[in-house]
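Q: Below you'll find the structure I mean.
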Amino acid sequence: MQLEDIKKVGVCGAGTMGFGIALNFALWGYPTTIYDLNDAILQRSLKNIESALDLFVQEKLITPKRAGKALKRISATSDLARVASNSDFITEAIIERSADKRELFNKLDQLCPPHTIIVSNTSYLVVSDFGAEVKRQDKIALTHYFAPAHIVPGVEVAKGPGTSEESYNLTFELMKKIKKIPIRILKERPGYLLNTIQAALSREANRMWAEGVASAEDIELGIKTTFGFRMPHEGPMLHYDVSGVWKWPKEVRMAMPSEQAGKETPISDEAARKIRERGEEGKTWFIDPQKFDEAIEKRDREYIRRLKELYPYKEQAV
């Protein structure tokens, strides 16, 4: 199969990630069908898509005409056979439970045409687990989007053990066609690449808070105004290069606090208890749960403005 052979796509799971994934495809010309278990979920998803498109228009990322055309390309169904039989490329974006994903992958394997590529949006489960029983091993893979999926440009692209180079490269090129920035993941592992790195940051931030090193407010402020400020332009490898640390004498370089801080630091029992209790309580740090939608819209506006500044999104509108 060639890239031009992918005419229609499907998304299974109409939640937070699913609606954004579907919107990506629709914006760049693909008739897209969203599937979920009932009409109530699907109607919420369609409203989320309309709201996202309105925000895109308000922020002048796209024109009203293009928003209308994208919306017309999207359909919704609670009939799995319908979305499966009409998709050349289909993305699973359901709950992060291996058993649920395994059941869906097996059904899609039976219902999709033989040429259809089936990918998962899992953030930490491995395809070789829930996809192990699928007969089309050469046509299953991973495309891990980052929330909000319709705005954040990067997408991890990974293979399962049996994924063919053809399917892998085709998936990679498809991500580029819908103006995502695909990141090749060369080895399957839980959490893959970027969530593993992100988890390390989150773990250390929570530990510093629990040990009383700084308040949650100052941890957020420090991250956003220092290396967070730099990160749209440089990651840790490029920063190492441009900062010139590599030119320093080895004994000085290796004695740097930043080098020592990167080593695994044991967490105290008291800090572990506080972090666990915080997680069990389910509290937010800064967002008023009653104003959650407002906070999400504010975030999306900030992301869209950054997207326009840093990446050539407005190309060949369809």
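In the structure tokens, each chain is lettered A, B, ... as it comes, each chain's residues begin at 1, and ligands are numbered from 1 in order of appearance.
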Among segment 60-267 of chain A, which ones does DSSP place in strand (DSSP E or B), written as a list in words?
A: Ile74, Ser75, Ala76, Thr77, Phe89, Ile90, Thr91, Glu92, Ile117, Ile118, Val119, Ser120, Ile140, Ala141, Leu142, Thr143, His144, Tyr145, Gly154, Val155, Glu156, Val157, Ala158, Lys159, Ile181, Pro182, Ile183, Arg184 and Ile185 of chain A
Q: Per DSSP on the backbone, filter segment 33-197 of chain A down to the residues in helix (DSSP H, G or I) and report them as a VMD selection string.
A: chain A and resid 39 to 58 64 to 72 80 to 85 98 to 111 127 to 130 137 to 139 165 to 177 194 to 197
Q: Measuring atom to atom with only C-alpha atoms, identify which of A:Asp109, A:Glu280, A:Asp300, A:Asp88 is nearest to Thr171 of chain A.
A: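 The closest residue to Thr171 of chain A is A:Asp88.
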Q: Per residue of segment 75-154 of chain A within 12 Å of segment 9-30 of chain A, record the nearest atom pair and its distance in Å to one decimal, counting only C-alpha atoms, with rows in chain order and ascending residue number, as CSV.
A:
```
residue,atom,partner,partner_atom,distance
A:Ser75,CA,A:Gly10,CA,9.5
A:Ala76,CA,A:Ala14,CA,8.9
A:Thr77,CA,A:Cys12,CA,9.7
A:Ser78,CA,A:Cys12,CA,9.6
A:Asp79,CA,A:Cys12,CA,10.4
A:Leu80,CA,A:Cys12,CA,8.2
A:Ala81,CA,A:Gly10,CA,11.1
A:Arg82,CA,A:Gly10,CA,9.6
A:Val83,CA,A:Gly10,CA,5.9
A:Ala84,CA,A:Gly10,CA,7.1
A:Ser85,CA,A:Gly10,CA,9.5
A:Asn86,CA,A:Val9,CA,7.5
A:Ser87,CA,A:Val9,CA,4.7
A:Asp88,CA,A:Val9,CA,5.7
A:Phe89,CA,A:Val9,CA,4.9
A:Ile90,CA,A:Gly10,CA,4.5
A:Thr91,CA,A:Val11,CA,4.8
A:Glu92,CA,A:Cys12,CA,4.8
A:Ala93,CA,A:Gly13,CA,4.9
A:Ile94,CA,A:Gly13,CA,4.7
A:Ile95,CA,A:Gly13,CA,8.1
A:Glu96,CA,A:Gly13,CA,11.1
A:Asp100,CA,A:Gly13,CA,11.5
A:Lys101,CA,A:Cys12,CA,10.3
A:Leu104,CA,A:Cys12,CA,8.8
A:Phe105,CA,A:Cys12,CA,10.2
A:Lys107,CA,A:Cys12,CA,11.6
A:Leu108,CA,A:Cys12,CA,9.8
A:Cys112,CA,A:Gly10,CA,10.5
A:Thr116,CA,A:Val9,CA,9.4
A:Ile117,CA,A:Val9,CA,9.8
A:Ile118,CA,A:Gly10,CA,9.5
A:Val119,CA,A:Val11,CA,9.7
A:Ser120,CA,A:Cys12,CA,9.5
A:Asn121,CA,A:Met17,CA,8.4
A:Thr122,CA,A:Met17,CA,10.2
A:Ser123,CA,A:Met17,CA,10.8
A:Thr143,CA,A:Ile21,CA,10.1
A:His144,CA,A:Met17,CA,9.9
A:Tyr145,CA,A:Ile21,CA,7.8
A:Phe146,CA,A:Met17,CA,8.1
A:Ala147,CA,A:Met17,CA,6.6
A:Pro148,CA,A:Gly20,CA,6.8
A:Ala149,CA,A:Gly20,CA,4.8
A:His150,CA,A:Gly20,CA,4.4
A:Ile151,CA,A:Gly20,CA,8.0
A:Val152,CA,A:Gly20,CA,9.9
A:Pro153,CA,A:Asn24,CA,10.1
```
Q: Okay, now the selection with C-alpha atoms, as a PDB file, in the first residue's frame?
A:
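Generated file (selection-v2.pdb):
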```pdb
ATOM      1  CA  SER A  75     -18.799  11.297  11.011  1.00  0.00           C
ATOM      2  CA  ALA A  76     -19.590   9.350  14.175  1.00  0.00           C
ATOM      3  CA  THR A  77     -20.866   5.832  14.797  1.00  0.00           C
ATOM      4  CA  SER A  78     -21.435   3.309  17.580  1.00  0.00           C
ATOM      5  CA  ASP A  79     -21.195   0.516  14.994  1.00  0.00           C
ATOM      6  CA  LEU A  80     -17.678  -0.927  15.129  1.00  0.00           C
ATOM      7  CA  ALA A  81     -18.128  -2.851  11.888  1.00  0.00           C
ATOM      8  CA  ARG A  82     -18.964   0.375  10.069  1.00  0.00           C
ATOM      9  CA  VAL A  83     -15.816   2.236  11.089  1.00  0.00           C
ATOM     10  CA  ALA A  84     -13.634  -0.847  10.602  1.00  0.00           C
ATOM     11  CA  SER A  85     -14.872  -1.752   7.137  1.00  0.00           C
ATOM     12  CA  ASN A  86     -14.521   1.853   5.912  1.00  0.00           C
ATOM     13  CA  SER A  87     -10.991   2.588   7.152  1.00  0.00           C
ATOM     14  CA  ASP A  88      -7.674   2.225   5.366  1.00  0.00           C
ATOM     15  CA  PHE A  89      -5.903   3.367   8.541  1.00  0.00           C
ATOM     16  CA  ILE A  90      -7.445   3.114  12.001  1.00  0.00           C
ATOM     17  CA  THR A  91      -6.298   4.414  15.381  1.00  0.00           C
ATOM     18  CA  GLU A  92      -7.239   2.872  18.713  1.00  0.00           C
ATOM     19  CA  ALA A  93      -7.553   5.493  21.470  1.00  0.00           C
ATOM     20  CA  ILE A  94      -9.560   3.771  24.200  1.00  0.00           C
ATOM     21  CA  ILE A  95      -8.877   3.354  27.918  1.00  0.00           C
ATOM     22  CA  GLU A  96      -5.371   2.307  28.985  1.00  0.00           C
ATOM     23  CA  ASP A 100      -9.733  -3.826  26.557  1.00  0.00           C
ATOM     24  CA  LYS A 101      -7.202  -2.975  23.876  1.00  0.00           C
ATOM     25  CA  LEU A 104     -10.638  -4.259  20.332  1.00  0.00           C
ATOM     26  CA  PHE A 105      -7.515  -5.107  18.300  1.00  0.00           C
ATOM     27  CA  LYS A 107     -12.154  -7.386  16.602  1.00  0.00           C
ATOM     28  CA  LEU A 108     -10.585  -4.844  14.274  1.00  0.00           C
ATOM     29  CA  CYS A 112     -11.019  -4.365   8.781  1.00  0.00           C
ATOM     30  CA  THR A 116      -5.839  -1.697   6.774  1.00  0.00           C
ATOM     31  CA  ILE A 117      -3.112  -0.597   9.177  1.00  0.00           C
ATOM     32  CA  ILE A 118      -4.183  -0.652  12.848  1.00  0.00           C
ATOM     33  CA  VAL A 119      -2.306   1.558  15.297  1.00  0.00           C
ATOM     34  CA  SER A 120      -2.620   2.311  18.998  1.00  0.00           C
ATOM     35  CA  ASN A 121      -2.312   5.614  20.801  1.00  0.00           C
ATOM     36  CA  THR A 122      -1.277   3.945  24.050  1.00  0.00           C
ATOM     37  CA  SER A 123       0.988   6.086  26.195  1.00  0.00           C
ATOM     38  CA  THR A 143       1.268   6.447  17.021  1.00  0.00           C
ATOM     39  CA  HIS A 144       1.453   8.113  20.424  1.00  0.00           C
ATOM     40  CA  TYR A 145       0.015  11.627  20.367  1.00  0.00           C
ATOM     41  CA  PHE A 146       0.423  14.069  23.238  1.00  0.00           C
ATOM     42  CA  ALA A 147      -2.485  15.988  24.736  1.00  0.00           C
ATOM     43  CA  PRO A 148      -4.000  18.049  23.318  1.00  0.00           C
ATOM     44  CA  ALA A 149      -3.630  15.753  20.315  1.00  0.00           C
ATOM     45  CA  HIS A 150      -4.986  18.302  17.825  1.00  0.00           C
ATOM     46  CA  ILE A 151      -2.380  20.908  18.831  1.00  0.00           C
ATOM     47  CA  VAL A 152       0.852  19.335  20.113  1.00  0.00           C
ATOM     48  CA  PRO A 153       2.924  18.622  16.976  1.00  0.00           C
TER      49      PRO A 153
END
```
Q: Give me, as a list in words, all polymer residues having an atom no more than 10 Å from Tyr168 of chain A, counting only C-alpha atoms and skipping those fewer than 2 positions away in the same chain.
A: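 Everything that qualifies: Ile117, Asp138, Lys139, Ile140, Ala141, Leu142, Val157, Ala158, Lys159, Gly160, Thr163, Ser164, Glu165, Glu166, Leu170, Thr171, Phe172, Glu173, Leu174 and Arg184 of chain A.
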Q: What gap, in Å, lies between atom CA of Gly222 of chain A and atom CA of Ala205 of chain A?
A: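 For atom CA of Gly222 of chain A relative to atom CA of Ala205 of chain A, the distance reads 10.6 Å.
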Q: Between A:Ile219, A:Leu310, A:Met237, A:Val213, which has the minimum distance to Ala271 of chain A (counting only C-alpha atoms)?
A: A:Val213
